[in-house]
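J.: Okay, here's the structure, questions in a sec.
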Amino acid sequence: MEKPDRRQQIRSYLGLEPISHGQIHTFQIAVPESQKHDISIERYQALADSLTNHKTNLIPLIVRQTEAYSEEEEYEVVYGSDWCIVAKEINIEKLWVWFFDMNDEQAAAAKAEMEQLENVMPPDTGSTDIESLLDKKLRPVTAKIDQVLLKKPVDNEGNLPEEIRDVKRQIEELKSTVNELANLVKERLSAPKPPEPPKPPKLNLRIVTEKEIKEALSKVKATSTQIKAAWNAIQYWKKTGKSLTWENLEKSTKSGSDKVTGFAKPSYEKLKEIADIPDEDVT
């Protein structure tokens with residue numbers, strides 16, 4: 001069955017048809033507890049970059065209307081919770097969604113269907129070795145030899161036709177090149193890795209300057225947005241009545257009264273990579 005037919009059959013079976021499609025405010029969307037999971041740093045960064053660059057999501061969420069949450073949260077995300085979680089944390093104003101009218105059973109089935117489609121991956125070609133590549137390249141050549149032999153068989157003295165001799169020379173040259181490449185790869189793989197340069201000492205966040213933060217975060221590939229947000233988070237917790245600790249900085253990556261705009265998990269992790277927060281001198 002073709003994919004469009006299969007999807008149509010699923011929609012028909014579940015009784016699902018989209019009510020409408022559009023943008024709604026991020027604060028109107030609730031994320032069920034069952035979908036609040038840890039997002040890998042790489043995935044989080046990719047989503048945050050996309051949301052920041054486009055000011056919204058490129059892949060619409062699937063949502064349904066609900067009365068199970070606060071007055072503001074009129075919709076519950078059925079699929080796309082990771083987009084929604086990141087968007088909330090980095091203060092994206094609106095998200096694209098598909099609205100569906102569905103019950104709990106239909107929502108669970110729709111979520112499972114979308115996850116199944118997302119996990120369909122093409123065959124892995126990364127494990128192809130040199131021998132199989134060579135075999136693939138030589139198949140047309142051997143076919144050509146067979147064709148020539150059918151037209152011009154070996155003569156009584158065992159001499160091959162000129163076309164065959166040319167092909168054989170090409171094969172030998174190809175084998176020689178492949179062997180050289182294989183040896184080169186083997187040498188590179190067996191060569192000892194050069195020692196990693198020593199890491200610079202970590203910055204003291206209690207006395208660090210904005211210039212030092214910018215230089216250190218740039219070296220660990222932080223974006224200009226992340227650098228600015230990290231500096232704002234540091235300054236926020238240095239205010240009178242606040243306390244600069246890793247625990248408090250982590251609070252600023254999440255929704256709440258201590259949230260710092262643009263400061264999210266990747267910014268926090270990069271900050272921990274380049275800095276320390278020594279205990280305060282109470283003497």
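Following the order of the structure tokens, first chain is A, next is B, and so on, with residues numbered from 1 inside each chain and ligands from 1 in the order they appear.
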Leaving out A:Pro60 and any residue of its chain fewer than 5 positions from it, which residues lie within 12 Å of it when counting only C-alpha atoms, given as a ChimeraX atom specification?

T.: /A:20-24,51,77-84,94-99

J.: How would the residues just picked look written out with N, CA and C atoms as an mmCIF file, in the first residue's frame?

T.:
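The resulting part-v9.cif:
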```cif
data_model
loop_
_atom_site.group_PDB
_atom_site.id
_atom_site.type_symbol
_atom_site.label_atom_id
_atom_site.label_comp_id
_atom_site.auth_asym_id
_atom_site.auth_seq_id
_atom_site.Cartn_x
_atom_site.Cartn_y
_atom_site.Cartn_z
ATOM 1 N N SER A 20 -8.272 22.932 11.482
ATOM 2 C CA SER A 20 -7.656 24.093 10.842
ATOM 3 C C SER A 20 -6.158 24.057 11.051
ATOM 4 N N HIS A 21 -5.492 25.013 10.420
ATOM 5 C CA HIS A 21 -4.039 25.108 10.490
ATOM 6 C C HIS A 21 -3.687 26.576 10.647
ATOM 7 N N GLY A 22 -2.782 26.886 11.575
ATOM 8 C CA GLY A 22 -2.414 28.284 11.769
ATOM 9 C C GLY A 22 -1.405 28.448 12.878
ATOM 10 N N GLN A 23 -1.177 29.699 13.288
ATOM 11 C CA GLN A 23 -0.243 30.010 14.360
ATOM 12 C C GLN A 23 -1.007 30.380 15.627
ATOM 13 N N ILE A 24 -0.491 29.919 16.767
ATOM 14 C CA ILE A 24 -1.042 30.323 18.055
ATOM 15 C C ILE A 24 0.111 30.686 18.983
ATOM 16 N N LEU A 51 14.545 27.642 15.497
ATOM 17 C CA LEU A 51 13.511 28.531 16.029
ATOM 18 C C LEU A 51 13.992 29.979 16.078
ATOM 19 N N VAL A 77 -0.311 19.646 23.268
ATOM 20 C CA VAL A 77 0.475 19.133 22.144
ATOM 21 C C VAL A 77 0.354 17.605 22.096
ATOM 22 N N VAL A 78 0.043 17.095 20.929
ATOM 23 C CA VAL A 78 -0.050 15.651 20.710
ATOM 24 C C VAL A 78 1.256 15.133 20.119
ATOM 25 N N TYR A 79 1.818 15.913 19.204
ATOM 26 C CA TYR A 79 3.098 15.535 18.588
ATOM 27 C C TYR A 79 3.911 16.802 18.340
ATOM 28 N N GLY A 80 5.203 16.727 18.690
ATOM 29 C CA GLY A 80 6.095 17.870 18.516
ATOM 30 C C GLY A 80 6.438 18.539 19.830
ATOM 31 N N SER A 81 6.393 17.763 20.921
ATOM 32 C CA SER A 81 6.624 18.348 22.244
ATOM 33 C C SER A 81 8.019 18.955 22.373
ATOM 34 N N ASP A 82 9.025 18.358 21.708
ATOM 35 C CA ASP A 82 10.383 18.898 21.846
ATOM 36 C C ASP A 82 10.469 20.314 21.264
ATOM 37 N N TRP A 83 9.809 20.540 20.114
ATOM 38 C CA TRP A 83 9.755 21.897 19.544
ATOM 39 C C TRP A 83 9.102 22.860 20.535
ATOM 40 N N CYS A 84 8.010 22.408 21.135
ATOM 41 C CA CYS A 84 7.257 23.260 22.050
ATOM 42 C C CYS A 84 8.063 23.591 23.309
ATOM 43 N N LYS A 94 5.190 32.620 18.796
ATOM 44 C CA LYS A 94 4.114 31.842 18.179
ATOM 45 C C LYS A 94 4.665 30.603 17.488
ATOM 46 N N LEU A 95 3.814 29.571 17.389
ATOM 47 C CA LEU A 95 4.180 28.331 16.716
ATOM 48 C C LEU A 95 3.080 27.940 15.725
ATOM 49 N N TRP A 96 3.513 27.301 14.615
ATOM 50 C CA TRP A 96 2.565 26.766 13.651
ATOM 51 C C TRP A 96 2.032 25.432 14.163
ATOM 52 N N VAL A 97 0.722 25.229 14.006
ATOM 53 C CA VAL A 97 0.106 23.985 14.495
ATOM 54 C C VAL A 97 -0.977 23.508 13.527
ATOM 55 N N TRP A 98 -1.241 22.204 13.585
ATOM 56 C CA TRP A 98 -2.439 21.605 13.011
ATOM 57 C C TRP A 98 -3.369 21.314 14.174
ATOM 58 N N PHE A 99 -4.618 21.794 14.085
ATOM 59 C CA PHE A 99 -5.617 21.516 15.117
ATOM 60 C C PHE A 99 -6.412 20.269 14.723
#
```

J.: Quick one: residues within 12 Å of A:Glu73, only C-alpha atoms, excluding same-chain residues fewer than 2 positions away - as an MDAnalysis selection string?

T.: chainID A and resid 24:32 63:71 75:77

J.: Keeping only N, CA and C atoms, take the residues you just selected and write them out as a compact mmCIF listing (two decimals), in the first residue's frame.

T.:
```txt
# COMPACT_ATOMS: atom_id res chain seq x y z
N ILE A 24 -0.49 29.92 16.77
CA ILE A 24 -1.04 30.32 18.06
C ILE A 24 0.11 30.69 18.98
N HIS A 25 -0.20 31.42 20.04
CA HIS A 25 0.83 31.81 21.01
C HIS A 25 1.36 30.56 21.73
N THR A 26 2.65 30.57 21.96
CA THR A 26 3.29 29.42 22.60
C THR A 26 2.73 29.16 23.99
N PHE A 27 2.38 30.23 24.71
CA PHE A 27 1.86 30.03 26.08
C PHE A 27 0.49 29.36 26.09
N GLN A 28 -0.16 29.27 24.93
CA GLN A 28 -1.47 28.62 24.87
C GLN A 28 -1.36 27.09 24.77
N ILE A 29 -0.13 26.59 24.59
CA ILE A 29 0.06 25.15 24.36
C ILE A 29 0.63 24.50 25.61
N ALA A 30 -0.05 23.49 26.11
CA ALA A 30 0.43 22.72 27.27
C ALA A 30 1.15 21.47 26.79
N VAL A 31 2.18 21.09 27.51
CA VAL A 31 2.92 19.86 27.22
C VAL A 31 2.57 18.84 28.31
N PRO A 32 1.99 17.68 27.95
CA PRO A 32 1.65 16.67 28.96
C PRO A 32 2.89 16.19 29.71
N VAL A 63 -1.88 19.54 17.66
CA VAL A 63 -2.45 19.88 18.96
C VAL A 63 -3.95 19.56 18.96
N ARG A 64 -4.49 19.49 20.16
CA ARG A 64 -5.94 19.32 20.32
C ARG A 64 -6.41 20.25 21.42
N GLN A 65 -7.67 20.64 21.36
CA GLN A 65 -8.22 21.54 22.36
C GLN A 65 -8.40 20.77 23.67
N THR A 66 -8.22 21.49 24.79
CA THR A 66 -8.29 20.83 26.10
C THR A 66 -8.76 21.81 27.16
N GLU A 67 -9.30 21.27 28.24
CA GLU A 67 -9.65 22.07 29.42
C GLU A 67 -8.95 21.51 30.65
N ALA A 68 -7.90 20.72 30.41
CA ALA A 68 -7.23 20.02 31.52
C ALA A 68 -6.15 20.86 32.18
N TYR A 69 -5.84 22.05 31.63
CA TYR A 69 -4.72 22.83 32.17
C TYR A 69 -5.22 24.21 32.62
N SER A 70 -4.34 25.17 32.63
CA SER A 70 -4.72 26.51 33.07
C SER A 70 -5.61 27.19 32.03
N GLU A 71 -6.15 28.36 32.42
CA GLU A 71 -7.04 29.09 31.51
C GLU A 71 -6.29 29.50 30.23
N TYR A 75 -4.69 24.49 24.52
CA TYR A 75 -4.38 23.38 23.63
C TYR A 75 -3.33 22.48 24.26
N GLU A 76 -3.37 21.21 23.91
CA GLU A 76 -2.39 20.23 24.38
C GLU A 76 -1.64 19.69 23.17
N VAL A 77 -0.31 19.65 23.27
CA VAL A 77 0.47 19.13 22.14
C VAL A 77 0.35 17.60 22.10
```

J.: Counting only C-alpha atoms, what is within 8 Å of A:Thr245, bar same-chain residues fewer than 4 positions away, as a list of chain:residue names?

T.: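 Listing them by chain and then by number gives A:Trp237, A:Leu249, A:Ile277.
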
J.: Need to verify the contact set: stretch 251-264 of chain A, 8 Å, only C-alpha atoms, exclusion of same-chain residues closer than 5 positions in sequence. Can you return it as a list in words?

T.: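 Selected residues are Lys88, Glu89, Ile90, Asn91, Thr225, Gln226, Ala229, Ala230, Asn232 and Ala233 of chain A.
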
J.: Can those selected residues be exported to a file as an mmCIF file, in the first residue's frame so that it contains all heavy atoms?

T.:
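Below is the file result-v3.cif, written as the result:
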```cif
data_model
loop_
_atom_site.group_PDB
_atom_site.id
_atom_site.type_symbol
_atom_site.label_atom_id
_atom_site.label_comp_id
_atom_site.auth_asym_id
_atom_site.auth_seq_id
_atom_site.Cartn_x
_atom_site.Cartn_y
_atom_site.Cartn_z
ATOM 1 N N LYS A 88 9.302 27.410 24.290
ATOM 2 C CA LYS A 88 8.919 28.057 25.554
ATOM 3 C C LYS A 88 10.157 28.573 26.284
ATOM 4 O O LYS A 88 10.139 29.679 26.853
ATOM 5 C CB LYS A 88 8.161 27.075 26.449
ATOM 6 C CG LYS A 88 6.709 26.800 26.009
ATOM 7 C CD LYS A 88 6.082 25.725 26.892
ATOM 8 C CE LYS A 88 4.639 25.446 26.501
ATOM 9 N NZ LYS A 88 3.722 26.518 26.935
ATOM 10 N N GLU A 89 11.231 27.783 26.271
ATOM 11 C CA GLU A 89 12.422 28.148 27.046
ATOM 12 C C GLU A 89 13.189 29.310 26.419
ATOM 13 O O GLU A 89 13.865 30.059 27.126
ATOM 14 C CB GLU A 89 13.331 26.930 27.211
ATOM 15 C CG GLU A 89 12.720 25.858 28.107
ATOM 16 C CD GLU A 89 13.684 24.741 28.444
ATOM 17 O OE1 GLU A 89 14.828 24.765 27.955
ATOM 18 O OE2 GLU A 89 13.296 23.823 29.201
ATOM 19 N N ILE A 90 13.105 29.458 25.091
ATOM 20 C CA ILE A 90 13.843 30.562 24.457
ATOM 21 C C ILE A 90 12.899 31.686 24.019
ATOM 22 O O ILE A 90 13.262 32.557 23.236
ATOM 23 C CB ILE A 90 14.692 30.074 23.265
ATOM 24 C CG1 ILE A 90 13.809 29.522 22.142
ATOM 25 C CG2 ILE A 90 15.707 29.028 23.714
ATOM 26 C CD1 ILE A 90 14.614 29.156 20.885
ATOM 27 N N ASN A 91 11.661 31.623 24.537
ATOM 28 C CA ASN A 91 10.691 32.714 24.352
ATOM 29 C C ASN A 91 10.320 32.984 22.894
ATOM 30 O O ASN A 91 10.315 34.124 22.436
ATOM 31 C CB ASN A 91 11.215 34.008 24.994
ATOM 32 C CG ASN A 91 11.348 33.893 26.495
ATOM 33 O OD1 ASN A 91 10.525 33.258 27.144
ATOM 34 N ND2 ASN A 91 12.389 34.475 27.045
ATOM 35 N N THR A 225 24.221 34.981 20.107
ATOM 36 C CA THR A 225 23.016 35.017 20.941
ATOM 37 C C THR A 225 23.258 34.312 22.272
ATOM 38 O O THR A 225 22.849 34.799 23.338
ATOM 39 C CB THR A 225 21.841 34.335 20.207
ATOM 40 O OG1 THR A 225 21.611 35.001 18.968
ATOM 41 C CG2 THR A 225 20.579 34.366 21.050
ATOM 42 N N GLN A 226 23.924 33.159 22.230
ATOM 43 C CA GLN A 226 24.224 32.416 23.460
ATOM 44 C C GLN A 226 25.168 33.207 24.361
ATOM 45 O O GLN A 226 25.001 33.226 25.583
ATOM 46 C CB GLN A 226 24.845 31.065 23.114
ATOM 47 C CG GLN A 226 23.878 30.083 22.489
ATOM 48 C CD GLN A 226 24.558 28.801 22.059
ATOM 49 O OE1 GLN A 226 25.747 28.795 21.725
ATOM 50 N NE2 GLN A 226 23.813 27.712 22.044
ATOM 51 N N ALA A 229 23.243 36.033 26.002
ATOM 52 C CA ALA A 229 22.330 35.501 27.020
ATOM 53 C C ALA A 229 23.090 35.036 28.261
ATOM 54 O O ALA A 229 22.631 35.231 29.395
ATOM 55 C CB ALA A 229 21.519 34.348 26.426
ATOM 56 N N ALA A 230 24.250 34.400 28.060
ATOM 57 C CA ALA A 230 25.053 33.931 29.197
ATOM 58 C C ALA A 230 25.518 35.107 30.057
ATOM 59 O O ALA A 230 25.455 35.050 31.302
ATOM 60 C CB ALA A 230 26.250 33.133 28.681
ATOM 61 N N ASN A 232 24.087 38.046 30.307
ATOM 62 C CA ASN A 232 22.912 38.602 30.987
ATOM 63 C C ASN A 232 22.525 37.748 32.194
ATOM 64 O O ASN A 232 22.111 38.277 33.232
ATOM 65 C CB ASN A 232 21.731 38.690 30.011
ATOM 66 C CG ASN A 232 21.933 39.777 28.967
ATOM 67 O OD1 ASN A 232 22.747 40.687 29.147
ATOM 68 N ND2 ASN A 232 21.198 39.694 27.874
ATOM 69 N N ALA A 233 22.649 36.416 32.061
ATOM 70 C CA ALA A 233 22.314 35.526 33.175
ATOM 71 C C ALA A 233 23.283 35.730 34.341
ATOM 72 O O ALA A 233 22.886 35.749 35.517
ATOM 73 C CB ALA A 233 22.336 34.075 32.712
#
```

J.: As an exercise, work out the distance from atom CA of A:Lys211 to atom CA of A:Tyr268 in Å and give it to one decimal place.

T.: 17.8 Å

J.: Could you state the separation of atom CA of A:Lys202 and atom CA of A:Leu271 in Å, given to one decimal place?

T.: 9.8 Å

J.: Per DSSP on the backbone, what are the alpha helix (DSSP H) residues of stretch 181-256 of chain A, as an MDAnalysis selection string?

T.: chainID A and resid 181:190 210:219 224:238 246:251

J.: Quote the spacing between atom CA of A:Thr240 and atom CA of A:Ile274 in Å to one decimal place.

T.: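 That distance, rounded to one decimal, is 24.8 Å.
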
J.: Between A:Asn57, A:Ser40, A:Asn183, A:Asn204, single out the one closest to A:Glu273, counting only C-alpha atoms.

T.: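 Comparing A:Asn57, A:Ser40, A:Asn183, A:Asn204 against A:Glu273, the winner is A:Asn204.
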
J.: Considering only C-alpha atoms, can you say which of A:Glu93, A:Leu203, A:Glu180, A:Gln106 comes closest to A:Thr56?

T.: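 The shortest atom-to-atom distance to A:Thr56 comes from A:Glu93.
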